[in-house]
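**Q** Okay, so here is model_18.txt, and as you'll see once you scroll down, it has compact mmCIF, C-alpha atoms.
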```
# COMPACT_ATOMS: atom_id res chain seq x y z
CA MET A 9 0.00 0.00 0.00
CA ILE A 10 1.10 3.54 -0.70
CA LYS A 11 0.08 6.16 1.83
CA TYR A 12 -0.36 9.75 0.67
CA LYS A 13 -0.46 12.64 3.09
CA ILE A 14 -2.53 15.64 1.98
CA SER A 15 -2.53 19.19 3.39
CA LEU A 16 -5.97 20.76 3.40
CA PHE A 17 -6.96 24.39 2.93
CA GLY A 18 -10.09 26.52 3.16
CA ILE A 19 -13.42 24.74 3.18
CA THR A 20 -11.78 21.34 2.57
CA ARG A 21 -10.59 21.48 6.22
CA ASP A 22 -14.22 21.58 7.36
CA ILE A 23 -15.36 18.92 4.92
CA VAL A 24 -12.61 16.43 5.71
CA GLY A 25 -12.09 17.52 9.31
CA GLY A 26 -8.59 18.78 10.19
CA THR A 27 -5.66 20.37 8.43
CA HIS A 28 -4.32 17.10 7.00
CA THR A 29 -5.61 13.75 5.88
CA SER A 30 -4.05 10.63 4.43
CA ILE A 31 -5.32 8.04 2.00
CA GLU A 32 -3.96 4.71 0.88
CA PHE A 33 -3.69 3.31 -2.60
CA ALA A 34 -2.74 -0.21 -3.68
CA GLN A 35 -0.72 1.26 -6.53
CA GLN A 36 0.72 4.60 -7.50
CA ALA A 37 -1.95 7.29 -7.78
CA ASN A 38 -2.16 10.27 -10.09
CA VAL A 39 -3.90 13.58 -9.48
CA GLU A 40 -7.12 12.39 -11.09
CA SER A 41 -7.37 9.13 -9.13
CA LEU A 42 -6.43 10.91 -5.90
CA LEU A 43 -9.17 13.49 -6.41
CA ALA A 44 -11.69 10.80 -7.34
CA LYS A 45 -10.94 8.86 -4.15
CA LEU A 46 -11.16 12.00 -2.00
CA ARG A 47 -14.50 12.93 -3.61
CA LYS A 48 -15.78 9.40 -2.97
CA ASP A 49 -14.67 9.35 0.67
CA PHE A 50 -15.92 12.88 1.31
CA PRO A 51 -18.93 13.43 -0.98
CA ARG A 52 -19.23 17.11 -0.04
CA LEU A 53 -16.05 17.67 -2.05
CA ASN A 54 -18.23 16.97 -5.09
CA ASP A 55 -19.88 20.34 -4.42
CA ILE A 56 -16.62 22.07 -5.34
CA ARG A 57 -16.19 22.10 -9.08
CA SER A 58 -12.76 23.73 -9.23
CA LEU A 59 -10.54 22.01 -6.69
CA LEU A 60 -6.84 22.63 -7.12
CA VAL A 61 -4.20 20.01 -6.37
CA ALA A 62 -0.58 21.00 -5.88
CA VAL A 63 2.21 18.43 -5.81
CA ASN A 64 5.52 19.60 -4.35
CA ALA A 65 4.32 23.23 -4.48
CA GLU A 66 3.39 23.02 -8.15
CA TYR A 67 -0.07 22.99 -9.76
CA ALA A 68 -0.81 19.48 -11.03
CA GLU A 69 -3.71 17.85 -12.85
CA GLY A 70 -4.90 14.81 -14.77
CA ASN A 71 -2.56 11.84 -14.96
CA PHE A 72 0.35 13.60 -13.22
CA PRO A 73 1.84 10.78 -11.10
CA ILE A 74 2.20 11.18 -7.32
CA ASN A 75 4.96 9.54 -5.31
CA GLU A 76 4.68 8.42 -1.71
CA HIS A 77 6.54 11.27 -0.04
CA ASP A 78 5.33 14.06 -2.30
CA GLU A 79 3.84 17.12 -0.63
CA ILE A 80 0.22 17.20 -1.72
CA ALA A 81 -2.10 20.15 -1.12
CA LEU A 82 -5.83 20.39 -1.75
CA ILE A 83 -6.81 24.00 -2.38
CA PRO A 84 -10.36 25.21 -2.97
CA PRO A 85 -11.33 28.65 -4.26
CA VAL A 86 -11.89 31.21 -1.50
CA SER A 87 -14.41 34.03 -1.77
CA GLY A 88 -14.05 36.26 1.29
CA GLY A 89 -12.84 39.82 1.12
CA MET B 19 8.62 65.32 -11.70
CA LEU B 20 7.93 65.73 -8.01
CA LEU B 21 7.01 68.98 -6.30
CA PRO B 22 9.08 70.07 -3.26
CA GLU B 23 6.17 69.17 -0.99
CA GLU B 24 6.01 65.69 -2.53
CA LYS B 25 9.75 65.22 -2.06
CA ARG B 26 9.24 65.85 1.62
CA ARG B 27 6.14 63.68 1.96
CA TYR B 28 7.73 60.69 0.21
CA GLN B 29 11.22 61.26 1.64
CA LYS B 30 11.52 57.70 2.98
CA HIS B 31 10.68 56.25 -0.44
CA LEU B 32 13.16 58.60 -2.11
CA LEU B 33 15.88 57.34 0.22
CA LEU B 34 15.39 53.80 -1.08
CA PRO B 35 17.64 53.35 -4.11
CA GLN B 36 15.10 50.84 -5.53
CA ILE B 37 12.38 53.52 -5.57
CA GLY B 38 13.93 56.98 -5.51
CA GLU B 39 12.47 59.92 -7.40
CA GLU B 40 11.98 57.84 -10.51
CA GLY B 41 9.91 55.21 -8.70
CA GLN B 42 7.92 57.81 -6.81
CA THR B 43 7.11 59.56 -10.09
CA LYS B 44 5.88 56.23 -11.48
CA LEU B 45 3.61 55.92 -8.45
CA LYS B 46 2.34 59.44 -9.04
CA ASN B 47 1.47 58.61 -12.64
CA ALA B 48 -0.17 55.26 -11.81
CA ARG B 49 -3.91 54.60 -12.03
CA VAL B 50 -5.21 51.82 -9.76
CA LEU B 51 -8.77 50.56 -9.42
CA VAL B 52 -9.72 48.94 -6.10
CA VAL B 53 -12.84 46.80 -6.44
CA GLY B 54 -14.42 46.42 -3.00
CA ALA B 55 -13.82 48.75 -0.04
CA GLY B 56 -14.29 46.12 2.66
CA GLY B 57 -11.85 44.04 4.70
CA LEU B 58 -9.18 43.80 1.98
CA GLY B 59 -10.02 47.13 0.36
CA CYS B 60 -9.45 49.22 3.51
CA PRO B 61 -5.74 48.41 3.97
CA VAL B 62 -5.13 48.47 0.21
CA LEU B 63 -6.69 51.94 -0.08
CA LEU B 64 -4.91 53.30 3.00
CA TYR B 65 -1.45 52.16 1.92
CA LEU B 66 -1.81 53.03 -1.77
CA SER B 67 -2.98 56.50 -0.74
CA ALA B 68 -0.10 56.86 1.68
CA ALA B 69 2.32 55.63 -1.01
CA GLY B 70 1.17 58.36 -3.40
CA VAL B 71 -0.54 56.41 -6.20
CA GLY B 72 -1.76 59.26 -8.42
CA LYS B 73 -5.24 58.07 -9.33
CA ILE B 74 -7.28 55.62 -7.26
CA GLY B 75 -10.77 54.36 -8.11
CA VAL B 76 -12.91 53.01 -5.27
CA ILE B 77 -15.81 50.75 -6.21
CA ASP B 78 -18.34 49.60 -3.64
CA ALA B 79 -22.13 49.67 -3.71
CA ASP B 80 -22.56 48.74 -0.03
CA VAL B 81 -23.19 50.85 3.04
CA VAL B 82 -21.25 50.56 6.30
CA ASP B 83 -22.74 48.07 8.73
CA MET B 84 -21.94 47.60 12.44
CA THR B 85 -20.52 44.11 11.71
CA ASN B 86 -17.96 45.65 9.29
CA LEU B 87 -16.15 47.61 12.01
CA GLN B 88 -14.38 44.50 13.36
CA ARG B 89 -12.07 44.54 10.31
CA GLN B 90 -12.87 47.41 7.91
CA VAL B 91 -10.62 49.96 9.57
CA LEU B 92 -11.52 52.98 7.42
CA TYR B 93 -14.99 53.23 8.99
CA ARG B 94 -16.34 54.47 12.32
CA VAL B 95 -19.55 54.05 14.26
CA GLU B 96 -20.88 57.37 12.90
CA ASP B 97 -20.58 55.98 9.33
CA ILE B 98 -23.08 53.16 9.80
CA GLY B 99 -25.66 53.27 7.02
CA LYS B 100 -23.53 55.50 4.77
CA SER B 101 -21.94 54.61 1.42
CA LYS B 102 -18.61 52.84 1.84
CA ALA B 103 -17.08 54.31 -1.32
CA VAL B 104 -18.05 57.87 -0.32
CA ILE B 105 -16.87 57.55 3.29
CA ALA B 106 -13.66 55.75 2.29
CA VAL B 107 -12.65 58.53 -0.10
CA SER B 108 -13.51 61.29 2.40
CA ARG B 109 -11.19 59.62 4.96
CA LEU B 110 -8.44 58.96 2.42
CA LYS B 111 -8.44 62.59 1.29
CA LYS B 112 -7.53 63.59 4.84
CA LEU B 113 -4.50 61.32 4.53
CA ASN B 114 -3.46 62.46 1.04
CA ASP B 115 -5.44 65.14 -0.78
CA SER B 116 -3.09 65.22 -3.78
CA ILE B 117 -4.58 61.97 -5.07
CA ASP B 118 -7.25 61.97 -7.78
CA TYR B 119 -9.95 59.71 -6.34
CA GLU B 120 -12.91 58.37 -8.28
CA VAL B 121 -15.90 57.28 -6.17
CA ILE B 122 -17.87 54.55 -7.90
CA ASN B 123 -20.92 53.85 -5.79
CA HIS B 124 -22.16 50.93 -7.94
CA ARG B 125 -21.51 47.25 -8.30
CA PHE B 126 -18.80 46.17 -10.71
CA LYS B 127 -20.79 44.33 -13.34
CA HIS B 128 -20.76 43.36 -16.97
CA GLU B 129 -22.65 46.47 -18.09
CA ASN B 130 -20.20 49.01 -16.61
CA ALA B 131 -16.94 47.02 -16.40
CA GLU B 132 -15.28 48.12 -19.62
CA THR B 133 -16.14 51.80 -19.16
CA ILE B 134 -14.66 51.79 -15.65
CA LEU B 135 -11.58 49.73 -16.50
CA GLN B 136 -10.46 51.88 -19.41
CA ASN B 137 -9.30 54.58 -16.97
CA TYR B 138 -7.02 52.26 -14.97
CA ASP B 139 -3.79 50.31 -15.49
CA ILE B 140 -3.92 47.94 -12.50
CA VAL B 141 -6.94 46.40 -10.77
CA VAL B 142 -7.00 45.16 -7.18
CA ASP B 143 -9.57 42.45 -6.49
CA CYS B 144 -10.83 43.05 -2.94
CA THR B 145 -14.32 41.67 -3.51
CA ASP B 146 -16.17 39.19 -1.35
CA ASN B 147 -17.99 37.14 -3.96
CA PHE B 148 -17.22 34.85 -6.89
CA PRO B 149 -19.36 36.48 -9.60
CA THR B 150 -17.38 39.73 -9.24
CA ARG B 151 -14.02 37.93 -8.98
CA TYR B 152 -14.69 36.06 -12.23
CA ALA B 153 -15.99 39.24 -13.90
CA ILE B 154 -12.76 41.04 -12.90
CA ASN B 155 -10.70 38.17 -14.31
CA ASP B 156 -12.61 37.96 -17.56
CA PHE B 157 -12.60 41.69 -18.28
CA CYS B 158 -8.93 42.05 -17.28
CA VAL B 159 -8.00 39.20 -19.63
CA LYS B 160 -10.11 40.73 -22.39
CA LEU B 161 -8.64 44.23 -21.91
CA GLN B 162 -5.12 42.91 -21.12
CA LYS B 163 -4.82 44.47 -17.67
CA PRO B 164 -3.07 42.89 -14.68
CA PHE B 165 -4.93 42.41 -11.41
CA VAL B 166 -3.89 41.67 -7.86
CA TYR B 167 -6.04 39.00 -6.31
CA GLY B 168 -6.68 38.57 -2.59
CA ALA B 169 -9.22 36.28 -0.89
CA ILE B 170 -9.76 35.19 2.69
CA HIS B 171 -11.31 32.30 4.60
CA GLN B 172 -11.53 32.38 8.42
CA PHE B 173 -7.78 32.42 9.28
CA GLU B 174 -6.33 31.72 5.82
CA GLY B 175 -5.77 33.89 2.79
CA GLN B 176 -4.66 33.68 -0.84
CA VAL B 177 -2.80 36.32 -2.85
CA SER B 178 -1.60 36.31 -6.44
CA VAL B 179 -1.05 38.61 -9.41
CA PHE B 180 -2.94 37.53 -12.51
CA ASN B 181 -2.59 38.39 -16.19
CA PHE B 182 0.67 40.23 -15.51
CA LYS B 183 2.90 41.00 -18.48
CA ASN B 184 6.53 40.57 -17.47
CA SER B 185 9.50 42.56 -18.78
CA GLU B 186 9.80 40.13 -21.71
CA GLY B 187 6.20 40.82 -22.69
CA ILE B 188 4.98 37.37 -21.66
CA LEU B 189 1.57 37.19 -19.96
CA GLY B 190 1.31 35.31 -16.67
CA PRO B 191 -1.54 33.00 -15.67
CA THR B 192 -5.09 34.10 -14.87
CA TYR B 193 -7.55 33.27 -12.10
CA ARG B 194 -9.21 30.73 -14.38
CA CYS B 195 -5.85 28.96 -14.86
CA LEU B 196 -6.12 28.08 -11.14
CA PHE B 197 -9.87 27.71 -10.73
CA PRO B 198 -11.42 27.41 -14.21
CA GLU B 199 -15.05 27.26 -13.17
CA GLU B 200 -16.95 29.77 -11.08
CA PRO B 201 -18.40 28.07 -7.98
CA ALA B 202 -22.18 27.98 -7.81
CA ASP B 203 -24.10 29.94 -5.21
CA GLY B 204 -23.67 28.24 -1.82
CA GLU B 205 -20.81 25.99 -2.98
CA ILE B 206 -18.17 27.81 -0.93
CA PRO B 207 -19.26 29.68 2.21
CA ASN B 208 -18.30 33.35 2.62
CA CYS B 209 -17.23 35.43 5.65
CA ALA B 210 -20.82 36.44 6.34
CA GLU B 211 -21.69 32.80 6.94
CA ILE B 212 -18.62 31.36 8.64
CA GLY B 213 -16.78 34.29 10.18
CA VAL B 214 -13.31 35.72 9.64
CA LEU B 215 -10.53 36.92 11.92
CA GLY B 216 -10.55 40.71 11.61
CA ILE B 217 -6.76 40.91 11.29
CA LEU B 218 -6.70 38.50 8.33
CA PRO B 219 -7.90 40.91 5.60
CA GLY B 220 -5.55 43.53 7.06
CA THR B 221 -2.59 41.20 6.55
CA LEU B 222 -3.63 39.98 3.11
CA GLY B 223 -4.59 43.47 1.90
CA MET B 224 -1.11 44.62 2.82
CA TYR B 225 0.37 41.89 0.60
CA GLN B 226 -1.87 43.11 -2.23
CA ALA B 227 -0.83 46.76 -1.77
CA ASN B 228 2.80 45.65 -1.75
CA GLU B 229 2.39 43.83 -5.08
CA VAL B 230 0.78 46.94 -6.59
CA VAL B 231 3.72 49.13 -5.54
CA LYS B 232 6.22 46.56 -6.88
CA MET B 233 4.41 46.32 -10.22
CA ILE B 234 4.30 50.11 -10.63
CA THR B 235 7.91 50.72 -9.65
CA GLY B 236 9.27 47.57 -11.29
CA ILE B 237 11.12 46.32 -8.23
CA GLY B 238 11.38 42.87 -6.68
CA THR B 239 9.63 39.77 -7.92
CA VAL B 240 5.95 40.13 -8.70
CA LEU B 241 3.74 37.30 -7.43
CA SER B 242 2.79 36.24 -10.96
CA GLY B 243 2.50 32.50 -11.61
CA GLN B 244 2.54 31.92 -7.87
CA LEU B 245 -0.28 31.57 -5.37
CA LEU B 246 0.75 32.71 -1.91
CA MET B 247 -1.21 31.06 0.88
CA VAL B 248 -0.99 32.46 4.40
CA ASP B 249 -2.31 30.81 7.57
CA LEU B 250 -2.40 33.19 10.53
CA LEU B 251 -3.23 30.52 13.10
CA GLU B 252 -0.01 28.62 12.43
CA ASN B 253 2.01 31.54 11.02
CA THR B 254 2.77 29.48 7.94
CA SER B 255 2.90 30.56 4.35
CA GLN B 256 3.59 28.72 1.14
CA LYS B 257 3.71 29.42 -2.54
CA ILE B 258 2.25 27.24 -5.26
CA ARG B 259 3.67 27.66 -8.76
CA PHE B 260 1.36 27.46 -11.74
CA LYS B 261 1.40 28.31 -15.43
CA ARG B 262 -0.83 30.16 -17.85
CA LYS B 263 -3.09 27.74 -19.70
CA SER B 264 -2.74 27.86 -23.44
CA ASN B 265 -6.49 28.48 -23.69
CA ALA B 266 -6.63 31.20 -20.98
CA GLU B 267 -8.32 33.60 -23.42
CA THR B 268 -11.02 31.14 -24.41
CA LEU B 269 -11.87 30.28 -20.79
CA ILE B 270 -13.36 33.73 -20.15
CA PHE B 271 -17.11 34.52 -20.23
CA PRO B 272 -18.24 30.87 -20.24
CA GLU B 273 -21.81 31.62 -19.01
CA LYS B 274 -23.59 30.07 -21.94
CA LYS B 275 -21.51 26.92 -21.84
CA ILE B 276 -22.05 26.51 -18.07
CA GLU B 277 -25.82 26.97 -18.33
CA LYS B 278 -25.93 24.19 -20.87
CA THR B 279 -23.93 21.79 -18.71
CA GLU B 280 -26.06 22.53 -15.67
CA SER B 281 -29.36 21.98 -17.42
CA GLU B 282 -28.04 18.75 -18.87
CA SER B 283 -27.04 17.36 -15.49
CA PHE B 284 -30.21 18.59 -13.79
CA ASN B 285 -32.34 16.85 -16.41
CA ILE B 286 -30.96 13.54 -15.25
CA MET B 287 -31.58 14.21 -11.56
CA LYS B 288 -35.18 14.16 -10.38
CA THR B 289 -36.22 17.22 -8.41
CA ILE B 290 -39.19 18.28 -6.34
CA SER B 291 -40.24 21.81 -5.45
CA VAL B 292 -41.15 22.82 -1.92
CA LYS B 293 -44.76 23.33 -3.05
CA GLU B 294 -44.95 19.79 -4.48
CA LEU B 295 -43.42 18.40 -1.29
CA SER B 296 -45.92 20.33 0.82
CA GLU B 297 -48.78 18.71 -1.18
CA LEU B 298 -47.29 15.22 -0.73
CA ILE B 299 -47.09 15.80 3.03
CA ASP B 300 -50.62 17.23 3.19
CA ASN B 301 -51.94 14.19 1.33
CA GLN B 302 -50.06 11.92 3.79
CA LYS B 303 -48.14 10.17 1.05
CA ASP B 304 -45.62 7.59 2.25
CA ILE B 305 -42.34 9.35 1.65
CA PHE B 306 -38.92 9.39 3.32
CA LEU B 307 -37.41 12.77 4.16
CA LEU B 308 -33.61 12.51 4.13
CA ASP B 309 -31.79 15.49 5.63
CA VAL B 310 -28.06 15.46 4.71
CA ARG B 311 -27.01 18.61 6.59
CA ASN B 312 -24.92 18.45 9.75
CA LEU B 313 -26.29 18.04 13.29
CA GLY B 314 -26.02 21.73 14.18
CA GLU B 315 -28.07 22.72 11.14
CA TYR B 316 -30.62 19.99 11.91
CA GLU B 317 -30.99 21.29 15.44
CA THR B 318 -31.53 24.82 14.11
CA CYS B 319 -34.47 23.86 11.92
CA ARG B 320 -35.81 20.76 10.22
CA LEU B 321 -38.76 19.27 8.40
CA ALA B 322 -41.12 17.23 10.59
CA ASN B 323 -40.19 13.51 10.51
CA ALA B 324 -36.99 14.18 8.59
CA VAL B 325 -34.22 11.62 9.16
CA LEU B 326 -30.75 13.10 9.59
CA ILE B 327 -27.80 11.41 7.89
CA PRO B 328 -25.09 14.05 7.43
CA MET B 329 -23.50 13.98 3.99
CA ASN B 330 -20.17 12.61 5.25
CA SER B 331 -21.97 9.67 6.91
CA ILE B 332 -23.97 8.67 3.82
CA PRO B 333 -21.43 6.09 2.53
CA THR B 334 -21.66 4.16 5.82
CA SER B 335 -25.44 4.56 6.25
CA VAL B 336 -26.74 3.51 2.84
CA LYS B 337 -28.74 0.62 4.34
CA HIS B 338 -30.92 3.08 6.27
CA ILE B 339 -32.18 4.71 3.08
CA PRO B 340 -35.29 2.98 1.66
CA LYS B 341 -35.49 1.97 -1.99
CA ASP B 342 -39.22 1.25 -2.07
CA LYS B 343 -40.62 4.76 -1.67
CA LYS B 344 -39.95 8.33 -2.71
CA VAL B 345 -36.94 9.70 -0.85
CA ILE B 346 -36.79 13.50 -0.69
CA VAL B 347 -33.14 14.43 -0.16
CA HIS B 348 -32.57 17.92 1.14
CA CYS B 349 -29.91 20.22 2.60
CA HIS B 350 -29.63 23.99 3.07
CA HIS B 351 -29.81 25.10 -0.58
CA GLY B 352 -29.73 21.90 -2.65
CA MET B 353 -26.04 21.49 -3.48
CA ARG B 354 -25.05 18.83 -0.95
CA SER B 355 -28.28 16.89 -1.52
CA ALA B 356 -27.55 16.89 -5.27
CA SER B 357 -24.12 15.35 -4.74
CA VAL B 358 -25.54 12.77 -2.32
CA ILE B 359 -28.11 11.77 -4.95
CA GLN B 360 -25.42 11.56 -7.60
CA TYR B 361 -23.31 9.37 -5.28
CA LEU B 362 -26.21 7.06 -4.32
CA GLU B 363 -27.42 6.68 -7.90
CA GLN B 364 -23.97 5.95 -9.28
CA ASN B 365 -22.68 3.70 -6.51
CA HIS B 366 -25.76 2.06 -4.97
CA GLY B 367 -28.33 1.90 -7.75
CA PHE B 368 -30.99 4.18 -6.26
CA ASP B 369 -33.69 5.46 -8.64
CA ASN B 370 -36.20 6.82 -6.11
CA LEU B 371 -34.35 9.94 -4.99
CA TYR B 372 -35.67 13.49 -5.44
CA ASN B 373 -33.64 16.62 -4.79
CA LEU B 374 -35.56 19.33 -2.92
CA THR B 375 -35.03 22.42 -5.07
CA GLY B 376 -33.73 25.35 -3.01
CA GLY B 377 -33.37 23.13 0.08
CA ILE B 378 -34.80 23.81 3.49
CA ASP B 379 -34.18 27.51 2.97
CA ALA B 380 -36.77 27.53 0.16
CA TRP B 381 -39.15 25.68 2.50
CA ALA B 382 -38.65 28.40 5.13
CA ARG B 383 -39.19 31.14 2.56
CA GLU B 384 -42.23 29.71 0.79
CA ILE B 385 -44.02 27.16 3.00
CA ASP B 386 -43.22 27.46 6.70
CA LEU B 387 -42.67 31.15 7.29
CA GLU B 388 -42.16 30.56 11.02
CA MET B 389 -39.14 28.32 10.43
CA VAL B 390 -35.75 29.65 11.56
CA ARG B 391 -33.56 30.66 8.60
CA TYR B 392 -29.78 30.71 8.74
```
Turn this file's structure into structure tokens for me.
**A**
Amino acid sequence: MIKYKISLFGITRDIVGGTHTSIEFAQQANVESLLAKLRKDFPRLNDIRSLLVAVNAEYAEGNFPINEHDEIALIPPVSGG
Amino acid sequence: MLLPEEKRRYQKHLLLPQIGEEGQTKLKNARVLVVGAGGLGCPVLLYLSAAGVGKIGVIDADVVDMTNLQRQVLYRVEDIGKSKAVIAVSRLKKLNDSIDYEVINHRFKHENAETILQNYDIVVDCTDNFPTRYAINDFCVKLQKPFVYGAIHQFEGQVSVFNFKNSEGILGPTYRCLFPEEPADGEIPNCAEIGVLGILPGTLGMYQANEVVKMITGIGTVLSGQLLMVDLLENTSQKIRFKRKSNAETLIFPEKKIEKTESESFNIMKTISVKELSELIDNQKDIFLLDVRNLGEYETCRLANAVLIPMNSIPTSVKHIPKDKKVIVHCHHGMRSASVIQYLEQNHGFDNLYNLTGGIDAWAREIDLEMVRY
């Protein structure tokens, strides 16, 4: 199993509960499969259409592969001003 | 050229070799539009005025409210009920009356955007809502103007500079390169609903003002292609790098495309209006009312006989949801219930689920006028 640790920001902290979460995959995940699993585990994430994933402080999407010790961040849009 | 009085006023800038008289003259000739004179707008306006930006536009259609005073530091108790844009400019003039201020006491919207923007070189996004943020992005991309973005959430903030042309003439990424689609109403809560630390917009607004001064004077590294995220609870900050999408220009003004997608997906999902639900209940039909909000919301107000299974608990509580009768799934406004229905239909084969249009809030507005709204 590969365990991915994810930093959470904005409303995703409330949805998931906490500032970090971790999920396990049987094989290497990519950004798309990671997001799909998160949305399945936490259905309220489906409410957020544009959810940004950063891997090692860089915007990442689609089939971008994620390695076990990569820094992963889940960043939603923020509206307040 | 600077007048003797200006040389004295901006003496500390002139002492900085990076700014000097040349930089200060650039500030004097700059035209900056600040959209929103609230939590972020107040520090931005104060510091840009102090810094001597020659022309500053202030857009805000709101009036000062008591709840603004916790963070919107330009306003006082005596201003409650008065126009923010008007009061802001009257205060700022006392700080620096050499600045040419434009008071725009209207909302920034599609009808007036281009007329307003043509008089400015840099836009500062200090708004508190997504429709205006996306309108700022789309018009700035269309008119090729850079804008400094700031947004806040409880104790966290985001800052970036979008659509910025660097010294090589290359355009940086836009807001839609980060978040392509505008969130729907109710998708992301705002400060009014979930609160915000008053100091947060002060801190983030200061970052925005700083980027404006750097862009005008051409010093330092502008926060283009980078999203700065600041967390005041933990005193952490980090930067995410991102690139301009090759289709950044074609992403703007997608309203028609979005409407089409929404109507397509809503056609698949069955819905019920609060009026129809009220008739079902009056006729004592055998239905199951599934409330997917959280416990606190359920305790605030609920439909009689509604069963609470908060959205996050749905995957582990599927067996409690009947398949042999109409199930009316509802939440506050209808977003969470829609994703629960989508999840249950796709993963557990339900075909008896109805989304309550407008959620319990519509029920409180149209059917049970005594119900507590939140």
**Q** Within 6 Å of chain A, which residues of chain B are there when counting only C-alpha atoms? Please give them as a PyMOL selection string.
**A** chain B and resi 57-58+144-148+169-171+197+199+205+208-209+258-260+330
**Q** Quick one: 3 Å padding each side, axis-aligned, all listed atoms of region 22-37 of chain A - centre and edge lengths in Å to one decimal, as lines of an AutoDock Vina configuration file?
**A**
```
center_x = -7.3
center_y = 10.7
center_z = 1.2
size_x = 22.1
size_y = 27.8
size_z = 24.0
```
**Q** Between B:Ile332, B:Ile385, B:Leu374, B:Ala153, single out the one closest to Asp300 (chain B), counting all atoms listed in the file.
**A**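 Going through B:Ile332, B:Ile385, B:Leu374, B:Ala153 one by one, the smallest distance to Asp300 (chain B) is for B:Ile385.
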**Q** What lies within 12 Å of Phe33 (chain A) using all atoms listed in the file, ignoring chain neighbours under 4 positions off, as a PyMOL selection string?
**A** chain A and resi 9-13+37-38+41-42+44-46+74-76
**Q** Which polymer residues have any atom within 9 Å of an atom of Val107 (chain B), counting only C-alpha atoms, with same-chain residues fewer than 5 positions away left out, as a PyMOL selection string?
**A** chain B and resi 63+76+102+112+119-121
**Q** Out of B:Leu189, B:Leu32, B:Ile98, B:Leu298, which residue has the shortest atom-to-atom distance to Lys261 (chain B) when counting only C-alpha atoms?
**A**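 So, comparing all the options, the nearest one is B:Leu189.
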**Q** When you count all atoms listed in the file, which of these residues is closest to Gly70 (chain B): B:Thr239, B:Gln29, B:Gln88, B:Asn265?
**A**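 The answer is B:Gln29, which sits nearest to Gly70 (chain B).
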**Q** When you draw a straight line from CA of Tyr316 (chain B) to CA of Leu215 (chain B), how long is it in Å?
**A**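 A separation of 26.3 Å between them.
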**Q** Can you measure CA of Thr334 (chain B) to CA of Gly25 (chain A) for me? One decimal in Å is fine.
**A**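 Taking CA of Thr334 (chain B) as the start and CA of Gly25 (chain A) as the end point, the length is 16.8 Å.
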**Q** Please list as a ChimeraX atom specification every residue within 12 Å of Ile117 (chain B), counting only C-alpha atoms and excluding residues in the same chain fewer than 3 positions away.
**A** /B:24,45-50,63-64,66-75,107-108,110-114,120
**Q** Could you jot down the CA of Val82 (chain B) to CA of His124 (chain B) separation for me, Å, one decimal place?
**A** 14.3 Å
**Q** Any idea what's packed within 6 Å of region 133-142 of chain B, counting only C-alpha atoms, ignoring anything in its chain fewer than 2 positions away? Could you give it as a VMD selection string?
**A** chain B and resid 49 to 52 130 to 131 164 to 166
**Q** Mind writing the picked residues with C-alpha atoms as a compact mmCIF listing (two decimals), in the coordinates of the input?
**A**
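selection-v3.txt was written with the following content:
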```
# COMPACT_ATOMS: atom_id res chain seq x y z
CA ARG B 49 -3.91 54.60 -12.03
CA VAL B 50 -5.21 51.82 -9.76
CA LEU B 51 -8.77 50.56 -9.42
CA VAL B 52 -9.72 48.94 -6.10
CA ASN B 130 -20.20 49.01 -16.61
CA ALA B 131 -16.94 47.02 -16.40
CA PRO B 164 -3.07 42.89 -14.68
CA PHE B 165 -4.93 42.41 -11.41
CA VAL B 166 -3.89 41.67 -7.86
```
